[in-house]
Amino acid sequence: MKTVEFYYDLVSPYSYLAHREVSRICDEHGAELSLRPMLLGAVHNAVGLQAPIETEAKARYQAEDIRRWAEHYGLPIDFPDPFPFRTLKSMRAAMFLEDRGELEAFTREAFDLYWEEGGAPKGLQESDEDGPVSEAVRRIGADPDEVLAGASAPGAKEALKTATGEAVERGVFGAPAFFVGDEMFWGNDRLHFVEAALGRS
């Protein structure tokens with residue numbers, strides 16, 4: 001079966017925008033969508049990039065661009081405040097839930113909560129993620145206390161660190177990034193190239 005690997009962080013608005021669209025593309029082409037959680041801030045640090053939000057003019061443009069894309073895809077958006085928000089525990093929870101086969105469900109609910117419903121973490125302390133992570137976990141029928149504990153355990157921490165390092169080694173420098181085989185595509189606006197690659201493979 002053909003596969004699309006999707007590298008993302010829940011803090012990435014363009015990853016939110018891409019998630020349903022790449023899922024649709026995979027469904028239409030009979031391809032598997034393989035989710036690859038990573039920590040975007042660590043990727044930026046590793047490759048020496050600043051987030052767009054750190055440049056005032058780019059941040060202003062990006063906010064409008066995100067709204068345009070949301071309208072284009074027919075997606076609701078409630079831009080989080082503050083932005084960027086903390087996702088370290090969220091992405092560690094994703095790694096923990098991947099081992100249980102619940103990554104796709106958690107990712108879907110967390111994207112909805114964080115980007116459509118104003119439910120993203122409201123501060124930059126570790127505890128500020130507990131409520132949002134717990135809510136996303138409850139929605140998939142899992143135990144929030146168990147997942148929070150799992151996300152704080154050494155296994156999940158090491159898994160996220162390893163996954164982020166592997167992303168950088170493959171050439172990932174931002175989110176969302178997609179692979180079809182060894183070919184990488186960056187950005188939700190490159191999904192037509194992803195679709196073309198599936199047609200060739």
# chains A, B, ... in the order shown; residues from 1 in each chain; ligands from 1
call {"tool": "select_by_dssp", "arguments": {"residues": "region 109-152 of chain A", "states": "alpha helix (DSSP H)", "output": "number ranges by chain"}}
result
A: 109-116, 130-139, 144-152
call {"tool": "closest_residue", "arguments": {"among": "A:Val47, A:Ile140, A:Ala177, A:Leu39", "to": "Lys157 (chain A)", "atoms": "only C-alpha atoms"}}
result
A:Leu39
call {"tool": "closest_residue", "arguments": {"among": "A:Leu10, A:Ala42, A:Ile66, A:Ile25", "to": "Glu129 (chain A)", "atoms": "only C-alpha atoms"}}
result
A:Leu10
call {"tool": "closest_residue", "arguments": {"among": "A:Tyr73, A:Phe85, A:Tyr14, A:Tyr8", "to": "Pro121 (chain A)", "atoms": "only C-alpha atoms"}}
result
A:Phe85
call {"tool": "select_by_dssp", "arguments": {"residues": "region 3-194 of chain A", "states": "strand (DSSP E)", "output": "list in words"}}
result
Thr3, Val4, Glu5, Phe6, Tyr7, Tyr8, Glu32, Leu33, Ser34, Leu35, Arg36, Pro37, Ala177, Phe178, Phe179, Val180, Glu183, Met184, Phe185 and Trp186 of chain A
call {"tool": "write_last_selection", "arguments": {"atoms": "N, CA and C atoms", "output": "mmCIF file, in the first residue's frame"}}
result
data_model
loop_
_atom_site.group_PDB
_atom_site.id
_atom_site.type_symbol
_atom_site.label_atom_id
_atom_site.label_comp_id
_atom_site.auth_asym_id
_atom_site.auth_seq_id
_atom_site.Cartn_x
_atom_site.Cartn_y
_atom_site.Cartn_z
ATOM 1 N N THR A 3 1.998 5.005 0.941
ATOM 2 C CA THR A 3 1.977 5.665 2.252
ATOM 3 C C THR A 3 2.380 7.127 2.114
ATOM 4 N N VAL A 4 1.694 7.970 2.867
ATOM 5 C CA VAL A 4 2.099 9.365 3.043
ATOM 6 C C VAL A 4 2.468 9.548 4.501
ATOM 7 N N GLU A 5 3.702 9.945 4.763
ATOM 8 C CA GLU A 5 4.135 10.257 6.122
ATOM 9 C C GLU A 5 3.908 11.749 6.371
ATOM 10 N N PHE A 6 3.295 12.065 7.489
ATOM 11 C CA PHE A 6 2.870 13.431 7.812
ATOM 12 C C PHE A 6 3.550 13.862 9.104
ATOM 13 N N TYR A 7 4.554 14.732 8.993
ATOM 14 C CA TYR A 7 5.264 15.268 10.152
ATOM 15 C C TYR A 7 4.564 16.545 10.612
ATOM 16 N N TYR A 8 4.249 16.613 11.895
ATOM 17 C CA TYR A 8 3.439 17.721 12.392
ATOM 18 C C TYR A 8 3.682 17.964 13.871
ATOM 19 N N GLU A 32 -2.111 4.864 2.768
ATOM 20 C CA GLU A 32 -2.105 4.927 4.226
ATOM 21 C C GLU A 32 -1.511 6.252 4.674
ATOM 22 N N LEU A 33 -2.137 6.913 5.642
ATOM 23 C CA LEU A 33 -1.583 8.115 6.251
ATOM 24 C C LEU A 33 -0.848 7.710 7.514
ATOM 25 N N SER A 34 0.444 7.969 7.548
ATOM 26 C CA SER A 34 1.282 7.621 8.690
ATOM 27 C C SER A 34 1.649 8.900 9.433
ATOM 28 N N LEU A 35 1.090 9.082 10.617
ATOM 29 C CA LEU A 35 1.333 10.286 11.399
ATOM 30 C C LEU A 35 2.700 10.233 12.078
ATOM 31 N N ARG A 36 3.434 11.340 11.999
ATOM 32 C CA ARG A 36 4.773 11.444 12.572
ATOM 33 C C ARG A 36 4.847 12.668 13.499
ATOM 34 N N PRO A 37 4.475 12.521 14.756
ATOM 35 C CA PRO A 37 4.581 13.657 15.691
ATOM 36 C C PRO A 37 6.034 14.075 15.880
ATOM 37 N N ALA A 177 5.267 18.655 7.062
ATOM 38 C CA ALA A 177 6.126 18.062 6.036
ATOM 39 C C ALA A 177 5.581 16.678 5.706
ATOM 40 N N PHE A 178 5.654 16.325 4.437
ATOM 41 C CA PHE A 178 5.103 15.060 3.965
ATOM 42 C C PHE A 178 6.169 14.308 3.177
ATOM 43 N N PHE A 179 6.152 12.998 3.310
ATOM 44 C CA PHE A 179 7.010 12.146 2.499
ATOM 45 C C PHE A 179 6.153 11.140 1.746
ATOM 46 N N VAL A 180 6.430 11.021 0.465
ATOM 47 C CA VAL A 180 5.944 9.895 -0.331
ATOM 48 C C VAL A 180 7.204 9.184 -0.801
ATOM 49 N N GLU A 183 10.677 11.260 -1.202
ATOM 50 C CA GLU A 183 10.446 12.616 -1.674
ATOM 51 C C GLU A 183 9.693 13.417 -0.613
ATOM 52 N N MET A 184 10.254 14.582 -0.252
ATOM 53 C CA MET A 184 9.649 15.414 0.784
ATOM 54 C C MET A 184 8.926 16.599 0.166
ATOM 55 N N PHE A 185 7.797 16.958 0.786
ATOM 56 C CA PHE A 185 7.031 18.139 0.407
ATOM 57 C C PHE A 185 6.727 18.907 1.685
ATOM 58 N N TRP A 186 6.915 20.230 1.639
ATOM 59 C CA TRP A 186 6.717 21.052 2.834
ATOM 60 C C TRP A 186 5.573 22.026 2.615
#
call {"tool": "residues_around", "arguments": {"residues": "Lys161 (chain A)", "least_positions_apart": "4", "cutoff": "12 Å", "atoms": "only C-alpha atoms", "output": "number ranges by chain"}}
result
A: 37-43, 46, 88, 91-92, 95, 154-157, 165-168
call {"tool": "write_last_selection", "arguments": {"atoms": "C-alpha atoms", "output": "mmCIF file, in the first residue's frame"}}
result
data_model
loop_
_atom_site.group_PDB
_atom_site.id
_atom_site.type_symbol
_atom_site.label_atom_id
_atom_site.label_comp_id
_atom_site.auth_asym_id
_atom_site.auth_seq_id
_atom_site.Cartn_x
_atom_site.Cartn_y
_atom_site.Cartn_z
ATOM 1 C CA PRO A 37 4.581 13.657 15.691
ATOM 2 C CA MET A 38 7.570 15.910 16.362
ATOM 3 C CA LEU A 39 8.416 18.999 18.397
ATOM 4 C CA LEU A 40 8.472 21.908 15.963
ATOM 5 C CA GLY A 41 10.423 24.297 18.185
ATOM 6 C CA ALA A 42 13.220 21.748 18.531
ATOM 7 C CA VAL A 43 13.263 21.257 14.759
ATOM 8 C CA ALA A 46 18.220 22.241 15.169
ATOM 9 C CA LEU A 88 5.574 19.642 24.719
ATOM 10 C CA MET A 91 3.281 15.816 21.630
ATOM 11 C CA ARG A 92 4.619 13.476 24.315
ATOM 12 C CA MET A 95 3.891 9.465 21.298
ATOM 13 C CA PRO A 154 10.806 8.726 30.371
ATOM 14 C CA GLY A 155 9.615 6.523 27.512
ATOM 15 C CA ALA A 156 7.416 9.185 25.935
ATOM 16 C CA LYS A 157 10.014 11.886 26.473
ATOM 17 C CA GLY A 165 15.834 14.002 15.668
ATOM 18 C CA GLU A 166 14.856 11.547 12.946
ATOM 19 C CA ALA A 167 12.723 14.234 11.293
ATOM 20 C CA VAL A 168 15.701 16.600 11.177
#
call {"tool": "closest_residue", "arguments": {"among": "A:Ala142, A:Ala18, A:Met1, A:Leu198", "to": "Gly101 (chain A)", "atoms": "only C-alpha atoms"}}
result
A:Ala142
call {"tool": "closest_residue", "arguments": {"among": "A:Asn45, A:Asp128, A:Gly187, A:Phe173", "to": "Trp69 (chain A)", "atoms": "only C-alpha atoms"}}
result
A:Gly187
call {"tool": "atom_distance", "arguments": {"atom1": "CA of Glu28 (chain A)", "atom2": "CA of Asp9 (chain A)"}}
result
24.4 Å
call {"tool": "closest_residue", "arguments": {"among": "A:Leu113, A:Ala94, A:Leu148, A:Ile77", "to": "Ser127 (chain A)", "atoms": "only C-alpha atoms"}}
result
A:Leu148
call {"tool": "atom_distance", "arguments": {"atom1": "CA of Tyr16 (chain A)", "atom2": "CA of Pro80 (chain A)"}}
result
12.2 Å
